[in-house]
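Student: Got entry-v7.cif for you, mmCIF, C-alpha atoms:
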```cif
data_entry
#
loop_
_atom_site.group_PDB
_atom_site.id
_atom_site.type_symbol
_atom_site.label_atom_id
_atom_site.label_comp_id
_atom_site.auth_asym_id
_atom_site.auth_seq_id
_atom_site.Cartn_x
_atom_site.Cartn_y
_atom_site.Cartn_z
ATOM 1 C CA MET A 1 27.108 69.516 165.626
ATOM 2 C CA LYS A 2 24.267 68.333 167.732
ATOM 3 C CA GLU A 3 24.745 65.261 169.839
ATOM 4 C CA GLY A 4 23.633 62.152 168.007
ATOM 5 C CA THR A 5 24.125 63.757 164.579
ATOM 6 C CA PRO A 6 26.395 61.616 162.382
ATOM 7 C CA MET A 7 29.714 63.171 161.357
ATOM 8 C CA PRO A 8 30.259 63.789 157.634
ATOM 9 C CA ARG A 9 32.561 61.166 156.110
ATOM 10 C CA ASN A 10 35.387 63.568 155.280
ATOM 11 C CA ALA A 11 35.248 65.567 158.497
ATOM 12 C CA PRO A 12 38.637 66.016 160.147
ATOM 13 C CA ILE A 13 39.152 64.389 163.497
ATOM 14 C CA THR A 14 40.428 66.829 166.080
ATOM 15 C CA LYS A 15 41.404 66.502 169.704
ATOM 16 C CA ARG A 16 40.562 69.076 172.295
ATOM 17 C CA THR A 17 43.547 68.646 174.551
ATOM 18 C CA ALA A 18 45.623 71.454 175.860
ATOM 19 C CA THR A 19 49.209 70.572 175.084
ATOM 20 C CA LYS A 20 52.249 72.716 175.439
ATOM 21 C CA PRO A 21 54.438 72.990 172.379
ATOM 22 C CA ALA A 22 57.503 70.764 172.616
ATOM 23 C CA ARG A 23 60.702 72.621 173.424
ATOM 24 C CA HIS A 24 63.503 71.873 171.030
ATOM 25 C CA ARG A 25 67.099 72.719 171.626
ATOM 26 C CA THR A 26 69.188 73.425 168.559
ATOM 27 C CA THR A 27 72.918 73.437 168.227
ATOM 28 C CA LYS A 28 74.832 75.202 165.503
ATOM 29 C CA ALA A 29 76.392 72.710 163.079
ATOM 30 C CA ASN A 30 80.124 72.800 162.498
ATOM 31 C CA GLY A 31 80.130 71.396 158.955
ATOM 32 C CA ASN A 32 80.805 67.786 159.905
ATOM 33 C CA LEU A 33 77.668 65.808 160.678
ATOM 34 C CA PHE A 34 79.676 63.004 162.266
ATOM 35 C CA ALA A 35 81.383 65.380 164.686
ATOM 36 C CA ASP A 36 77.982 66.864 165.499
ATOM 37 C CA LEU A 37 76.749 63.343 166.294
ATOM 38 C CA GLY A 38 79.544 62.924 168.826
ATOM 39 C CA PHE A 39 82.152 60.879 166.963
ATOM 40 C CA ALA A 40 85.775 61.444 167.950
ATOM 41 C CA PRO A 41 87.561 64.048 165.774
ATOM 42 C CA LEU A 42 89.702 61.594 163.775
ATOM 43 C CA GLU A 43 86.847 59.153 163.253
ATOM 44 C CA SER A 44 84.450 61.912 162.218
ATOM 45 C CA ALA A 45 86.976 63.228 159.676
ATOM 46 C CA SER A 46 87.366 59.735 158.214
ATOM 47 C CA LEU A 47 83.610 59.197 158.078
ATOM 48 C CA GLN A 48 83.075 62.575 156.415
ATOM 49 C CA LEU A 49 85.703 61.820 153.758
ATOM 50 C CA ARG A 50 84.240 58.391 153.023
ATOM 51 C CA ALA A 51 80.713 59.841 152.893
ATOM 52 C CA ARG A 52 81.776 62.421 150.308
ATOM 53 C CA LEU A 53 83.570 59.807 148.197
ATOM 54 C CA MET A 54 80.585 57.463 148.385
ATOM 55 C CA ALA A 55 78.187 60.250 147.436
ATOM 56 C CA GLU A 56 80.256 60.966 144.323
ATOM 57 C CA LEU A 57 80.296 57.287 143.339
ATOM 58 C CA ILE A 58 76.534 57.032 143.831
ATOM 59 C CA ARG A 59 76.072 60.182 141.733
ATOM 60 C CA ILE A 60 78.202 58.649 138.941
ATOM 61 C CA VAL A 61 76.269 55.377 138.913
ATOM 62 C CA ARG A 62 72.934 57.194 138.826
ATOM 63 C CA SER A 63 73.913 59.845 136.276
ATOM 64 C CA ARG A 64 75.290 57.197 133.911
ATOM 65 C CA LYS A 65 72.152 55.120 134.504
ATOM 66 C CA LEU A 66 74.223 52.029 135.205
ATOM 67 C CA THR A 67 72.767 48.783 136.440
ATOM 68 C CA GLN A 68 74.489 47.383 139.491
ATOM 69 C CA ALA A 69 76.097 44.718 137.297
ATOM 70 C CA ALA A 70 77.425 47.351 134.867
ATOM 71 C CA ALA A 71 78.616 49.522 137.749
ATOM 72 C CA ALA A 72 80.407 46.506 139.247
ATOM 73 C CA ARG A 73 82.309 45.934 135.993
ATOM 74 C CA LEU A 74 83.226 49.632 135.760
ATOM 75 C CA LEU A 75 84.338 49.892 139.391
ATOM 76 C CA GLY A 76 86.132 46.551 139.518
ATOM 77 C CA VAL A 77 84.011 45.110 142.315
ATOM 78 C CA SER A 78 81.200 42.578 142.705
ATOM 79 C CA GLN A 79 77.516 43.415 142.269
ATOM 80 C CA PRO A 80 76.813 42.884 146.003
ATOM 81 C CA ARG A 81 79.578 45.407 146.709
ATOM 82 C CA VAL A 82 77.817 47.936 144.455
ATOM 83 C CA SER A 83 74.599 47.205 146.353
ATOM 84 C CA ASP A 84 76.412 48.097 149.599
ATOM 85 C CA LEU A 85 77.678 51.271 147.942
ATOM 86 C CA MET A 86 74.229 52.310 146.707
ATOM 87 C CA ARG A 87 72.803 51.713 150.187
ATOM 88 C CA ALA A 88 75.584 53.927 151.617
ATOM 89 C CA LYS A 89 76.919 51.259 153.971
ATOM 90 C CA ILE A 90 79.857 53.432 154.911
ATOM 91 C CA ASP A 91 81.332 50.956 157.394
ATOM 92 C CA LYS A 92 82.009 48.462 154.575
ATOM 93 C CA PHE A 93 84.354 50.759 152.611
ATOM 94 C CA SER A 94 87.801 52.161 153.261
ATOM 95 C CA SER A 95 88.885 55.488 151.819
ATOM 96 C CA ASP A 96 91.426 53.620 149.672
ATOM 97 C CA ALA A 97 88.761 51.365 148.142
ATOM 98 C CA LEU A 98 86.525 54.345 147.342
ATOM 99 C CA VAL A 99 89.400 56.309 145.767
ATOM 100 C CA GLU A 100 90.303 53.278 143.642
ATOM 101 C CA MET A 101 86.697 52.929 142.427
ATOM 102 C CA LEU A 102 86.594 56.627 141.529
ATOM 103 C CA ALA A 103 89.833 56.246 139.551
ATOM 104 C CA LEU A 104 88.390 53.268 137.671
ATOM 105 C CA ALA A 105 85.337 55.408 136.864
ATOM 106 C CA GLY A 106 87.654 58.001 135.316
ATOM 107 C CA ILE A 107 87.426 60.540 138.104
ATOM 108 C CA GLU A 108 90.570 62.369 139.154
ATOM 109 C CA LEU A 109 90.628 63.589 142.738
ATOM 110 C CA GLU A 110 92.148 66.852 143.866
ATOM 111 C CA VAL A 111 92.989 67.154 147.541
ATOM 112 C CA THR A 112 93.080 70.587 149.106
ATOM 113 C CA PRO A 113 94.208 70.497 152.716
ATOM 114 C CA HIS A 114 93.217 73.331 155.007
ATOM 115 C CA ALA A 115 93.799 74.115 158.653
ATOM 116 C CA THR A 116 91.020 73.535 161.137
ATOM 117 C CA ARG A 117 90.540 74.608 164.694
ATOM 118 C CA ARG A 118 92.471 72.269 166.930
ATOM 119 C CA VAL A 119 90.342 70.289 169.355
ATOM 120 C CA ALA A 120 91.885 69.441 172.742
#
```
Mind turning the file's structure into structure tokens?
Tutor:
Amino acid sequence: MKEGTPMPRNAPITKRTATKPARHRTTKANGNLFADLGFAPLESASLQLRARLMAELIRIVRSRKLTQAAAARLLGVSQPRVSDLMRAKIDKFSSDALVEMLALAGIELEVTPHATRRVA
């Protein structure tokens, strides 16, 4: 466009700066997000287990279209506790509490242990 000519209203704004593309370093995941984030092996295993249990409880509440009050009655906890669950506040739940809520929801768990690579 000529200098002094007004830009059309919907014209895209572009910069004319020479920037180098950002260099990103990727690391292959090992299947446990918490381990990948640097948590200690035992803590990352606990966090991964609780995350999976919480995800299943959230899926149940959503698939049954339960209100938080109805979910609280089903799971034997208070409504604020269900709110914490639905917001995935993992630090507020033990594995035992999550397993108990799943049992109250009529879900039977099957545990299949498997060997993992030992970390020094």
Student: Taking the file above as input, evaluate the PyMOL selection byres ((chain A and resi 103-117) around 10) and report the hits as an MDAnalysis selection string.
Tutor: chainID A and resid 53 56:57 60:61 71 73:76 97:102 118:120
Student: Just the residues within 12 Å of Gln68 (chain A), please, counting all atoms listed in the file, with nothing from its chain fewer than 6 positions along; format it as a count of residues only.
Tutor: 18
Student: For a test of reading the model, state the distance in Å between CA of Ala51 (chain A) and CA of Arg64 (chain A), rounded to one decimal.
Tutor: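 CA of Arg64 (chain A) lies 19.9 Å from CA of Ala51 (chain A).
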Student: Of the residues A:Ala72, A:Lys65, A:Arg59, A:Leu33, which is the one nearest to Leu47 (chain A), using all atoms listed in the file?
Tutor: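 Closest candidate: A:Leu33.
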Student: Looking at only C-alpha atoms, which of A:Arg25, A:Asp36, A:Ala69, A:Ser63 is the one that sits closest to Gln48 (chain A)?
Tutor: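 Looking only at the distances to Gln48 (chain A), the closest residue turns out to be A:Asp36.
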Student: Figure out the distance between CA of Ser46 (chain A) and CA of Ser94 (chain A), please, to one decimal in Å.
Tutor: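 Interatomic distance, CA of Ser94 (chain A) to CA of Ser46 (chain A): 9.1 Å.
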Student: Which value, in Å to one decimal, gives the distance between CA of Ile90 (chain A) and CA of Ser44 (chain A)?
Tutor: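 A separation of 12.1 Å between them.
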Student: Start from the incomplete input, build N, CA and C atoms for region 84-107 of chain A, and deliver everything as a PDB file, keeping the file's coordinate frame.
Tutor:
```pdb
ATOM      1  N   ASP A  84      75.995  47.459 148.338  1.00  0.00           N
ATOM      2  CA  ASP A  84      76.412  48.097 149.599  1.00  0.00           C
ATOM      3  C   ASP A  84      76.719  49.577 149.383  1.00  0.00           C
ATOM      4  N   LEU A  85      77.354  49.880 148.275  1.00  0.00           N
ATOM      5  CA  LEU A  85      77.678  51.271 147.942  1.00  0.00           C
ATOM      6  C   LEU A  85      76.399  52.092 147.779  1.00  0.00           C
ATOM      7  N   MET A  86      75.454  51.573 146.994  1.00  0.00           N
ATOM      8  CA  MET A  86      74.229  52.310 146.707  1.00  0.00           C
ATOM      9  C   MET A  86      73.352  52.473 147.951  1.00  0.00           C
ATOM     10  N   ARG A  87      73.528  51.604 148.925  1.00  0.00           N
ATOM     11  CA  ARG A  87      72.803  51.713 150.187  1.00  0.00           C
ATOM     12  C   ARG A  87      73.601  52.504 151.226  1.00  0.00           C
ATOM     13  N   ALA A  88      74.727  53.068 150.784  1.00  0.00           N
ATOM     14  CA  ALA A  88      75.584  53.927 151.617  1.00  0.00           C
ATOM     15  C   ALA A  88      76.019  53.240 152.911  1.00  0.00           C
ATOM     16  N   LYS A  89      76.422  51.992 152.804  1.00  0.00           N
ATOM     17  CA  LYS A  89      76.919  51.259 153.971  1.00  0.00           C
ATOM     18  C   LYS A  89      78.380  51.640 154.187  1.00  0.00           C
ATOM     19  N   ILE A  90      78.556  52.788 154.787  1.00  0.00           N
ATOM     20  CA  ILE A  90      79.857  53.432 154.911  1.00  0.00           C
ATOM     21  C   ILE A  90      80.872  52.578 155.656  1.00  0.00           C
ATOM     22  N   ASP A  91      80.417  51.770 156.592  1.00  0.00           N
ATOM     23  CA  ASP A  91      81.332  50.956 157.394  1.00  0.00           C
ATOM     24  C   ASP A  91      81.977  49.829 156.591  1.00  0.00           C
ATOM     25  N   LYS A  92      81.469  49.552 155.398  1.00  0.00           N
ATOM     26  CA  LYS A  92      82.009  48.462 154.575  1.00  0.00           C
ATOM     27  C   LYS A  92      83.083  48.923 153.595  1.00  0.00           C
ATOM     28  N   PHE A  93      83.415  50.226 153.595  1.00  0.00           N
ATOM     29  CA  PHE A  93      84.354  50.759 152.611  1.00  0.00           C
ATOM     30  C   PHE A  93      85.454  51.568 153.273  1.00  0.00           C
ATOM     31  N   SER A  94      86.680  51.330 152.824  1.00  0.00           N
ATOM     32  CA  SER A  94      87.801  52.161 153.261  1.00  0.00           C
ATOM     33  C   SER A  94      87.929  53.332 152.287  1.00  0.00           C
ATOM     34  N   SER A  95      88.630  54.351 152.710  1.00  0.00           N
ATOM     35  CA  SER A  95      88.885  55.488 151.819  1.00  0.00           C
ATOM     36  C   SER A  95      89.653  55.023 150.587  1.00  0.00           C
ATOM     37  N   ASP A  96      90.622  54.128 150.792  1.00  0.00           N
ATOM     38  CA  ASP A  96      91.426  53.620 149.672  1.00  0.00           C
ATOM     39  C   ASP A  96      90.560  52.931 148.626  1.00  0.00           C
ATOM     40  N   ALA A  97      89.630  52.086 149.078  1.00  0.00           N
ATOM     41  CA  ALA A  97      88.761  51.365 148.142  1.00  0.00           C
ATOM     42  C   ALA A  97      87.893  52.342 147.356  1.00  0.00           C
ATOM     43  N   LEU A  98      87.382  53.362 148.013  1.00  0.00           N
ATOM     44  CA  LEU A  98      86.525  54.345 147.342  1.00  0.00           C
ATOM     45  C   LEU A  98      87.315  55.170 146.326  1.00  0.00           C
ATOM     46  N   VAL A  99      88.544  55.547 146.691  1.00  0.00           N
ATOM     47  CA  VAL A  99      89.400  56.309 145.767  1.00  0.00           C
ATOM     48  C   VAL A  99      89.720  55.458 144.541  1.00  0.00           C
ATOM     49  N   GLU A 100      90.003  54.173 144.760  1.00  0.00           N
ATOM     50  CA  GLU A 100      90.303  53.278 143.642  1.00  0.00           C
ATOM     51  C   GLU A 100      89.101  53.147 142.706  1.00  0.00           C
ATOM     52  N   MET A 101      87.901  53.020 143.262  1.00  0.00           N
ATOM     53  CA  MET A 101      86.697  52.929 142.427  1.00  0.00           C
ATOM     54  C   MET A 101      86.480  54.213 141.628  1.00  0.00           C
ATOM     55  N   LEU A 102      86.728  55.357 142.240  1.00  0.00           N
ATOM     56  CA  LEU A 102      86.594  56.627 141.529  1.00  0.00           C
ATOM     57  C   LEU A 102      87.592  56.703 140.374  1.00  0.00           C
ATOM     58  N   ALA A 103      88.814  56.243 140.610  1.00  0.00           N
ATOM     59  CA  ALA A 103      89.833  56.246 139.551  1.00  0.00           C
ATOM     60  C   ALA A 103      89.395  55.349 138.399  1.00  0.00           C
ATOM     61  N   LEU A 104      88.856  54.180 138.715  1.00  0.00           N
ATOM     62  CA  LEU A 104      88.390  53.268 137.671  1.00  0.00           C
ATOM     63  C   LEU A 104      87.211  53.853 136.892  1.00  0.00           C
ATOM     64  N   ALA A 105      86.461  54.745 137.531  1.00  0.00           N
ATOM     65  CA  ALA A 105      85.337  55.408 136.864  1.00  0.00           C
ATOM     66  C   ALA A 105      85.804  56.621 136.060  1.00  0.00           C
ATOM     67  N   GLY A 106      87.115  56.886 136.091  1.00  0.00           N
ATOM     68  CA  GLY A 106      87.654  58.001 135.316  1.00  0.00           C
ATOM     69  C   GLY A 106      87.605  59.329 136.028  1.00  0.00           C
ATOM     70  N   ILE A 107      87.500  59.303 137.320  1.00  0.00           N
ATOM     71  CA  ILE A 107      87.426  60.540 138.104  1.00  0.00           C
ATOM     72  C   ILE A 107      88.777  60.793 138.758  1.00  0.00           C
TER      73      ILE A 107
END
```
